[in-house]
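Shown here: data.tsv, TSV, C-alpha atoms.
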chain	number	residue	atom	x	y	z
Z	27	MET	CA	0.00	0.00	0.00
Z	28	LYS	CA	2.89	2.32	0.90
Z	29	ILE	CA	4.54	1.65	-2.43
Z	30	LYS	CA	1.30	2.41	-4.28
Z	31	ASP	CA	0.92	5.75	-2.44
Z	32	ASP	CA	4.50	6.73	-3.20
Z	33	LEU	CA	4.02	5.82	-6.83
Z	34	ALA	CA	0.85	7.90	-7.02
Z	35	VAL	CA	2.67	10.90	-5.52
Z	36	LEU	CA	5.53	10.55	-7.97
Z	37	LEU	CA	3.18	10.19	-10.93
Z	38	LEU	CA	1.23	13.24	-9.81
Z	39	ALA	CA	4.45	15.25	-9.44
Z	40	GLU	CA	5.52	14.23	-12.94
Z	41	LEU	CA	2.11	15.14	-14.38
Z	42	THR	CA	1.81	18.54	-12.68
Z	43	GLU	CA	5.32	19.50	-13.74
Z	44	HIS	CA	4.51	18.89	-17.41
Z	45	LEU	CA	0.97	20.22	-17.33
Z	46	GLY	CA	2.36	23.43	-15.78
Z	47	VAL	CA	4.57	23.90	-18.84
Z	48	LEU	CA	1.62	23.43	-21.21
Z	49	GLY	CA	-0.53	25.86	-19.21
Z	50	ASP	CA	2.08	28.63	-19.42
Z	51	HIS	CA	2.26	28.29	-23.19
Z	52	GLU	CA	-1.50	28.58	-23.50
Z	53	LYS	CA	-1.55	31.77	-21.42
Z	54	ARG	CA	1.23	33.39	-23.46
Z	55	ARG	CA	-0.42	32.40	-26.72
Z	56	ILE	CA	-3.80	33.86	-25.75
Z	57	GLY	CA	-2.17	37.04	-24.42
Z	58	TYR	CA	-0.29	37.64	-27.67
Z	59	MET	CA	-3.33	37.00	-29.87
Z	60	ALA	CA	-5.47	39.36	-27.79
Z	61	SER	CA	-2.94	42.21	-28.13
Z	62	GLU	CA	-2.66	41.80	-31.93
Z	63	VAL	CA	-6.32	41.47	-32.82
Z	64	ASN	CA	-7.03	45.18	-33.44
Z	65	ALA	CA	-3.74	46.27	-35.03
Z	66	ILE	CA	-4.99	46.16	-38.63
Z	67	ASN	CA	-8.33	47.81	-37.81
Z	68	THR	CA	-6.53	50.69	-36.12
Z	69	MET	CA	-4.44	51.35	-39.25
Z	70	LEU	CA	-7.53	51.08	-41.47
Z	71	GLU	CA	-9.49	53.51	-39.32
Z	72	ALA	CA	-6.54	55.93	-39.31
Z	73	GLY	CA	-6.60	55.92	-43.14
Z	74	GLN	CA	-3.12	54.41	-43.37
Z	75	LEU	CA	-4.42	51.45	-45.37
Z	76	THR	CA	-6.93	50.83	-48.14
Z	77	PRO	CA	-9.38	47.94	-47.58
Z	78	GLN	CA	-7.42	45.80	-50.07
Z	79	GLN	CA	-4.16	46.48	-48.25
Z	80	ALA	CA	-5.87	45.75	-44.92
Z	81	ILE	CA	-6.99	42.34	-46.20
Z	82	LEU	CA	-3.43	41.44	-47.22
Z	83	HIS	CA	-2.00	42.75	-43.94
Z	84	GLY	CA	-4.63	40.71	-42.08
Z	85	GLN	CA	-3.79	37.61	-44.10
Z	86	ILE	CA	-0.08	37.92	-43.28
Z	87	ARG	CA	-0.96	38.35	-39.58
Z	88	ILE	CA	-3.25	35.33	-39.64
Z	89	ASN	CA	-0.55	33.25	-41.33
Z	90	ALA	CA	1.94	34.28	-38.64
Z	91	LEU	CA	-0.47	33.35	-35.86
Z	92	GLN	CA	-1.25	30.03	-37.51
Z	93	MET	CA	2.47	29.31	-37.70
Z	94	GLU	CA	2.79	30.16	-34.02
Z	95	LEU	CA	-0.10	27.83	-33.19
Z	96	LEU	CA	1.49	25.06	-35.23
Z	97	ALA	CA	4.77	25.56	-33.38
Z	98	GLN	CA	2.94	25.30	-30.06
Z	99	THR	CA	1.12	22.19	-31.24
Z	100	GLY	CA	4.44	20.55	-32.13
Z	101	ILE	CA	5.99	21.60	-28.84
Z	102	ASP	CA	2.96	20.35	-26.90
Z	103	ASP	CA	3.25	17.00	-28.69
Z	104	MET	CA	6.89	16.82	-27.65
Z	105	ALA	CA	5.98	17.79	-24.07
Z	106	VAL	CA	3.30	15.08	-23.89
Z	107	ALA	CA	5.74	12.53	-25.31
Z	108	ARG	CA	8.28	13.55	-22.70
Z	109	MET	CA	5.68	13.40	-19.92
Z	110	LEU	CA	4.65	9.88	-20.92
Z	111	ALA	CA	8.30	8.86	-21.05
Z	112	GLY	CA	8.70	10.25	-17.53
Z	113	LEU	CA	5.67	8.34	-16.28
Z	114	GLU	CA	6.96	5.19	-17.91
Z	115	ARG	CA	10.34	5.65	-16.17
Z	116	VAL	CA	8.61	6.07	-12.80
Z	117	VAL	CA	6.49	2.95	-13.25
Z	118	ARG	CA	9.49	0.95	-14.45
Z	119	ARG	CA	11.58	2.08	-11.49
Z	120	PHE	CA	8.88	1.08	-9.02
Z	121	TYR	CA	8.13	-2.30	-10.50
Z	122	GLY	CA	11.63	-3.03	-11.73
Z	123	VAL	CA	10.34	-3.86	-15.21
C	21	MET	CA	-11.35	-38.26	-0.97
C	22	ALA	CA	-11.67	-36.15	2.10
C	23	ASN	CA	-7.92	-35.70	2.11
C	24	GLN	CA	-7.89	-34.58	-1.52
C	25	SER	CA	-10.66	-32.10	-0.89
C	26	GLN	CA	-8.80	-30.74	2.13
C	27	ARG	CA	-5.60	-30.35	0.09
C	28	TRP	CA	-7.50	-28.52	-2.67
C	29	HIS	CA	-8.95	-26.11	-0.13
C	30	HIS	CA	-5.47	-25.43	1.21
C	31	GLN	CA	-4.06	-24.86	-2.27
C	32	THR	CA	-6.85	-22.63	-3.65
C	33	PRO	CA	-5.66	-19.41	-2.03
C	34	ARG	CA	-2.15	-20.01	-3.38
C	35	TYR	CA	-3.49	-20.50	-6.94
C	36	ALA	CA	-5.66	-17.43	-6.53
C	37	ASN	CA	-2.65	-15.40	-5.45
C	38	VAL	CA	-0.60	-16.57	-8.41
C	39	PHE	CA	-3.49	-15.83	-10.75
C	40	ARG	CA	-3.99	-12.34	-9.25
C	41	LEU	CA	-0.26	-11.64	-9.57
C	42	PHE	CA	-0.33	-12.83	-13.17
C	43	VAL	CA	-3.29	-10.56	-13.99
C	44	ARG	CA	-1.57	-7.58	-12.34
C	45	LEU	CA	1.62	-8.24	-14.27
C	46	LEU	CA	-0.39	-8.47	-17.48
C	47	MET	CA	-2.15	-5.18	-16.73
C	48	LEU	CA	1.14	-3.47	-15.90
C	49	LEU	CA	2.74	-4.71	-19.10
C	50	SER	CA	-0.29	-3.54	-21.10
C	51	ALA	CA	-0.09	-0.10	-19.47
C	52	LEU	CA	3.62	0.10	-20.24
C	53	GLY	CA	2.91	-0.97	-23.80
C	54	VAL	CA	0.33	1.79	-24.24
C	55	MET	CA	2.69	4.35	-22.69
C	56	THR	CA	5.54	3.30	-24.94
C	57	ALA	CA	3.30	3.47	-27.99
C	58	CYS	CA	2.13	6.96	-27.04
C	59	THR	CA	5.67	8.08	-26.21
C	60	SER	CA	6.78	7.59	-29.78
C	61	LEU	CA	4.59	10.45	-31.07
C	62	PRO	CA	5.88	11.16	-34.54
C	63	VAL	CA	8.13	14.22	-34.33
C	64	SER	CA	10.90	14.69	-36.87
C	65	PRO	CA	14.45	15.18	-35.59
C	66	TYR	CA	16.25	18.55	-35.52
C	67	ASP	CA	17.60	19.65	-38.90
C	68	SER	CA	20.52	22.08	-38.77
C	69	THR	CA	20.27	22.88	-42.50
C	70	THR	CA	16.68	24.06	-42.09
C	71	ASP	CA	17.69	26.06	-39.02
C	72	LYS	CA	20.49	27.83	-40.93
C	73	ALA	CA	18.40	28.41	-44.07
C	74	ILE	CA	15.53	29.92	-42.07
C	75	THR	CA	17.94	32.16	-40.15
C	76	ARG	CA	19.50	33.30	-43.46
C	77	LEU	CA	16.08	34.02	-44.98
C	78	HIS	CA	15.09	35.94	-41.86
C	79	LYS	CA	18.19	38.14	-42.21
C	80	GLN	CA	17.40	38.77	-45.90
C	81	THR	CA	13.83	39.72	-44.99
C	82	ALA	CA	14.98	42.06	-42.23
C	83	GLY	CA	17.40	43.67	-44.72
C	84	PHE	CA	14.53	44.10	-47.17
C	85	PHE	CA	12.38	45.85	-44.55
C	86	VAL	CA	15.22	48.19	-43.63
C	87	GLY	CA	15.72	49.11	-47.30
C	88	VAL	CA	12.11	49.31	-48.41
C	89	VAL	CA	11.07	51.93	-45.86
C	90	GLN	CA	13.21	54.56	-47.58
C	91	ALA	CA	11.25	56.75	-49.98
C	92	GLU	CA	13.73	56.40	-52.81
C	93	GLY	CA	13.67	53.02	-54.54
C	94	CYS	CA	10.74	51.70	-52.56
C	95	GLU	CA	8.84	50.44	-55.63
C	96	TYR	CA	8.04	46.79	-56.14
C	97	ASP	CA	10.09	46.55	-59.36
C	98	ARG	CA	13.22	47.69	-57.54
C	99	HIS	CA	12.95	44.73	-55.12
C	100	LEU	CA	12.26	41.91	-57.54
C	101	GLY	CA	15.64	40.38	-56.65
C	102	PHE	CA	14.54	39.94	-53.05
C	103	TYR	CA	11.27	38.30	-54.04
C	104	HIS	CA	13.01	35.94	-56.44
C	105	THR	CA	15.73	34.98	-53.95
C	106	SER	CA	13.23	34.36	-51.17
C	107	LYS	CA	11.03	32.26	-53.48
C	108	VAL	CA	14.03	30.08	-54.38
C	109	SER	CA	15.06	29.73	-50.71
C	110	LEU	CA	11.53	28.79	-49.68
C	111	SER	CA	11.27	26.26	-52.48
C	112	GLY	CA	14.50	24.60	-51.29
C	113	LEU	CA	13.28	24.61	-47.69
C	114	MET	CA	9.95	23.11	-48.68
C	115	VAL	CA	11.54	20.29	-50.69
C	116	ARG	CA	13.80	19.45	-47.76
C	117	ALA	CA	10.98	19.62	-45.20
C	118	LYS	CA	8.78	17.32	-47.28
C	119	ALA	CA	11.62	14.81	-47.60
C	120	VAL	CA	11.87	14.38	-43.80
C	121	ALA	CA	9.51	11.84	-42.19
C	122	TYR	CA	6.97	13.01	-39.58
C	123	ASN	CA	7.56	16.63	-40.55
C	124	ASP	CA	3.97	17.65	-41.30
C	125	ILE	CA	3.93	20.60	-38.92
C	126	ALA	CA	7.10	22.14	-40.40
C	127	VAL	CA	5.72	21.62	-43.92
C	128	GLU	CA	2.48	23.39	-42.93
C	129	GLN	CA	4.47	26.24	-41.39
C	130	LEU	CA	6.55	26.66	-44.55
C	131	ALA	CA	3.44	26.59	-46.75
C	132	LEU	CA	2.07	29.48	-44.67
C	133	LEU	CA	5.37	31.34	-44.98
C	134	VAL	CA	5.26	30.93	-48.78
C	135	LYS	CA	1.72	32.35	-48.70
C	136	SER	CA	2.89	35.28	-46.58
C	137	PHE	CA	5.68	36.10	-49.06
C	138	ASP	CA	3.13	35.98	-51.92
C	139	ASP	CA	0.84	38.32	-49.95
C	140	LEU	CA	3.80	40.62	-49.25
C	141	ALA	CA	4.56	40.80	-52.98
C	142	ASP	CA	0.88	41.50	-53.79
C	143	LEU	CA	0.81	44.20	-51.14
C	144	HIS	CA	4.00	45.76	-52.48
C	145	GLU	CA	2.58	45.81	-56.00
C	146	LEU	CA	-0.22	48.03	-54.68
C	147	GLY	CA	2.32	50.70	-53.72
C	148	CYS	CA	5.24	51.67	-51.52
C	149	PHE	CA	5.01	50.74	-47.84
C	150	SER	CA	4.56	53.38	-45.15
C	151	SER	CA	6.71	53.06	-42.04
C	152	ALA	CA	3.64	51.92	-40.03
C	153	GLN	CA	3.04	49.20	-42.61
C	154	VAL	CA	6.67	48.12	-42.47
C	155	ASP	CA	6.49	47.92	-38.67
C	156	ASP	CA	3.38	45.73	-38.85
C	157	LEU	CA	4.77	43.50	-41.59
C	158	TRP	CA	8.15	43.18	-39.92
C	159	ALA	CA	6.49	42.11	-36.66
C	160	ALA	CA	4.35	39.55	-38.49
C	161	PHE	CA	7.34	38.11	-40.36
C	162	ASP	CA	9.43	38.05	-37.18
C	163	LEU	CA	6.66	36.06	-35.52
C	164	SER	CA	6.54	33.68	-38.49
C	165	PHE	CA	10.29	33.03	-38.50
C	166	SER	CA	10.31	32.72	-34.72
C	167	ALA	CA	7.55	30.12	-34.88
C	168	ILE	CA	9.53	27.96	-37.31
C	169	LEU	CA	12.76	28.35	-35.33
C	170	LYS	CA	10.95	27.75	-32.04
C	171	LEU	CA	9.82	24.31	-33.15
C	172	GLU	CA	13.17	23.46	-34.71
C	173	LEU	CA	15.14	24.54	-31.64
C	174	ALA	CA	12.75	22.72	-29.30
C	175	LYS	CA	13.66	19.56	-31.19
C	176	LYS	CA	17.35	20.37	-30.72
C	177	TYR	CA	17.39	21.31	-27.05
C	178	GLY	CA	14.27	19.47	-25.86
C	179	ARG	CA	13.32	22.56	-23.86
C	180	TRP	CA	10.51	25.08	-24.26

Would you mind writing the file's structure down as structure tokens?
Amino acid sequence: MKIKDDLAVLLLAELTEHLGVLGDHEKRRIGYMASEVNAINTMLEAGQLTPQQAILHGQIRINALQMELLAQTGIDDMAVARMLAGLERVVRRFYGV
Amino acid sequence: MANQSQRWHHQTPRYANVFRLFVRLLMLLSALGVMTACTSLPVSPYDSTTDKAITRLHKQTAGFFVGVVQAEGCEYDRHLGFYHTSKVSLSGLMVRAKAVAYNDIAVEQLALLVKSFDDLADLHELGCFSSAQVDDLWAAFDLSFSAILKLELAKKYGRW
């Protein structure tokens, strides 16, 4: 029973460590997207851009954000893979498999 | 007969224990199997050539933004060399990215970067860029290059 409790604690520690990393990324991503949402509209309203130019500016911005999201997706995949590897190591250590 | 029955009753708990242990071992091995299968999520390895080529293209793009903001020589026709060079670089990067296994995310990122360069050219054809436009475009392209490098460097260092 003691061993099972210790294992649970270790697994939980491993999980929270990795989930913490994922959570930080999400927060940063949302923060950045929120700050950039109105940039094009502001320039359009100020008469610095024509509607056609605004569409192209917007498209370039959207592409950049999509690339950022893809990078985060890849990094999250790697983080999950690493987390599972960590859990596997913990289980193996406990059961000597 | 009575003796046999007695012996069976004595042995049952031992068999039950062995069976329970066997089931637990089986479950543990199954769990480890699932974990191992999930651990090998397909992520391509770090590619230093891509890293260098993207860094080089980023420098070229930054140089373009520095030059294009000046009033003299800001027209699209005067910067055709940049657009051609970047198109060739992106084509090379794309071919390389597609040749690497499990590299779908990088391929998608590069396809978006190609689209952004096409949009930049279209935008430039509409007229010279103002400094506010250059700031916005530069920030967007910086974010794009950073996103590609972020993924590539995460593969290299395993940190994020």

For chain Z against chain C, with a cut-off of 10 Å and counting all atoms listed in the file, what is the closest atom pair and its distance in Å to one decimal for every residue that makes the cut, ordered by chain and number, as JSON lines?
{"residue": "Z:Val47", "atom": "CA", "partner": "C:Trp180", "partner_atom": "CA", "distance": 8.1}
{"residue": "Z:Leu48", "atom": "CA", "partner": "C:Trp180", "partner_atom": "CA", "distance": 9.5}
{"residue": "Z:His51", "atom": "CA", "partner": "C:Trp180", "partner_atom": "CA", "distance": 8.9}
{"residue": "Z:Glu62", "atom": "CA", "partner": "C:Ala160", "partner_atom": "CA", "distance": 9.9}
{"residue": "Z:Ala65", "atom": "CA", "partner": "C:Asp156", "partner_atom": "CA", "distance": 8.1}
{"residue": "Z:Ile66", "atom": "CA", "partner": "C:Asp156", "partner_atom": "CA", "distance": 8.4}
{"residue": "Z:Met69", "atom": "CA", "partner": "C:Ala152", "partner_atom": "CA", "distance": 8.1}
{"residue": "Z:Gln74", "atom": "CA", "partner": "C:Ala152", "partner_atom": "CA", "distance": 7.9}
{"residue": "Z:Leu75", "atom": "CA", "partner": "C:Gln153", "partner_atom": "CA", "distance": 8.3}
{"residue": "Z:Thr76", "atom": "CA", "partner": "C:Leu146", "partner_atom": "CA", "distance": 9.8}
{"residue": "Z:Gln78", "atom": "CA", "partner": "C:Leu143", "partner_atom": "CA", "distance": 8.5}
{"residue": "Z:Gln79", "atom": "CA", "partner": "C:Leu143", "partner_atom": "CA", "distance": 6.2}
{"residue": "Z:Ala80", "atom": "CA", "partner": "C:Leu143", "partner_atom": "CA", "distance": 9.3}
{"residue": "Z:Ile81", "atom": "CA", "partner": "C:Leu143", "partner_atom": "CA", "distance": 9.4}
{"residue": "Z:Leu82", "atom": "CA", "partner": "C:Asp139", "partner_atom": "CA", "distance": 6.0}
{"residue": "Z:His83", "atom": "CA", "partner": "C:Leu157", "partner_atom": "CA", "distance": 7.2}
{"residue": "Z:Gly84", "atom": "CA", "partner": "C:Ala160", "partner_atom": "CA", "distance": 9.7}
{"residue": "Z:Gln85", "atom": "CA", "partner": "C:Asp139", "partner_atom": "CA", "distance": 7.5}
{"residue": "Z:Ile86", "atom": "CA", "partner": "C:Ser136", "partner_atom": "CA", "distance": 5.2}
{"residue": "Z:Arg87", "atom": "CA", "partner": "C:Ala160", "partner_atom": "CA", "distance": 5.6}
{"residue": "Z:Ile88", "atom": "CA", "partner": "C:Ala160", "partner_atom": "CA", "distance": 8.8}
{"residue": "Z:Asn89", "atom": "CA", "partner": "C:Leu132", "partner_atom": "CA", "distance": 5.7}
{"residue": "Z:Ala90", "atom": "CA", "partner": "C:Ser164", "partner_atom": "CA", "distance": 4.6}
{"residue": "Z:Leu91", "atom": "CA", "partner": "C:Ser164", "partner_atom": "CA", "distance": 7.5}
{"residue": "Z:Gln92", "atom": "CA", "partner": "C:Gln129", "partner_atom": "CA", "distance": 7.9}
{"residue": "Z:Met93", "atom": "CA", "partner": "C:Gln129", "partner_atom": "CA", "distance": 5.2}
{"residue": "Z:Glu94", "atom": "CA", "partner": "C:Ala167", "partner_atom": "CA", "distance": 4.8}
{"residue": "Z:Leu95", "atom": "CA", "partner": "C:Ala167", "partner_atom": "CA", "distance": 8.2}
{"residue": "Z:Leu96", "atom": "CA", "partner": "C:Ile125", "partner_atom": "CA", "distance": 6.3}
{"residue": "Z:Ala97", "atom": "CA", "partner": "C:Leu171", "partner_atom": "CA", "distance": 5.2}
{"residue": "Z:Gln98", "atom": "CA", "partner": "C:Leu171", "partner_atom": "CA", "distance": 7.6}
{"residue": "Z:Thr99", "atom": "CA", "partner": "C:Ile125", "partner_atom": "CA", "distance": 8.3}
{"residue": "Z:Gly100", "atom": "CA", "partner": "C:Leu171", "partner_atom": "CA", "distance": 6.6}
{"residue": "Z:Ile101", "atom": "CA", "partner": "C:Leu171", "partner_atom": "CA", "distance": 6.4}
{"residue": "Z:Asp102", "atom": "CA", "partner": "C:Trp180", "partner_atom": "CA", "distance": 9.3}
{"residue": "Z:Asp103", "atom": "CA", "partner": "C:Leu61", "partner_atom": "CA", "distance": 7.1}
{"residue": "Z:Met104", "atom": "CA", "partner": "C:Val63", "partner_atom": "CA", "distance": 7.3}
{"residue": "Z:Ala105", "atom": "CA", "partner": "C:Trp180", "partner_atom": "CA", "distance": 8.6}
{"residue": "Z:Val106", "atom": "CA", "partner": "C:Thr59", "partner_atom": "CA", "distance": 7.7}
{"residue": "Z:Ala107", "atom": "CA", "partner": "C:Thr59", "partner_atom": "CA", "distance": 4.5}
{"residue": "Z:Arg108", "atom": "CA", "partner": "C:Thr59", "partner_atom": "CA", "distance": 7.0}
{"residue": "Z:Met109", "atom": "CA", "partner": "C:Thr59", "partner_atom": "CA", "distance": 8.2}
{"residue": "Z:Leu110", "atom": "CA", "partner": "C:Thr59", "partner_atom": "CA", "distance": 5.7}
{"residue": "Z:Ala111", "atom": "CA", "partner": "C:Thr59", "partner_atom": "CA", "distance": 5.8}
{"residue": "Z:Gly112", "atom": "CA", "partner": "C:Thr59", "partner_atom": "CA", "distance": 9.4}
{"residue": "Z:Leu113", "atom": "CA", "partner": "C:Met55", "partner_atom": "CA", "distance": 8.1}
{"residue": "Z:Glu114", "atom": "CA", "partner": "C:Met55", "partner_atom": "CA", "distance": 6.5}
{"residue": "Z:Arg115", "atom": "CA", "partner": "C:Leu52", "partner_atom": "CA", "distance": 9.6}
{"residue": "Z:Val117", "atom": "CA", "partner": "C:Leu52", "partner_atom": "CA", "distance": 8.1}
{"residue": "Z:Arg118", "atom": "CA", "partner": "C:Leu52", "partner_atom": "CA", "distance": 8.3}
{"residue": "Z:Tyr121", "atom": "CA", "partner": "C:Leu48", "partner_atom": "CA", "distance": 8.9}
{"residue": "Z:Val123", "atom": "CA", "partner": "C:Leu49", "partner_atom": "CA", "distance": 8.6}

- Atom-to-atom span, atom CA of C:Ser106 and atom CA of C:Pro65, Å: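 One can read the atom CA of C:Ser106 to atom CA of C:Pro65 distance as 24.7 Å.
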
- Task: Work out how far atom CA of C:Gly112 is from atom CA of C:Thr69, in Å to one decimal.
- Result: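 The value is 10.7 Å.
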
- Item | Point-to-point distance from atom CA of Z:Arg119 to atom CA of C:Lys176, Å rounded to tenths | 27.2 Å
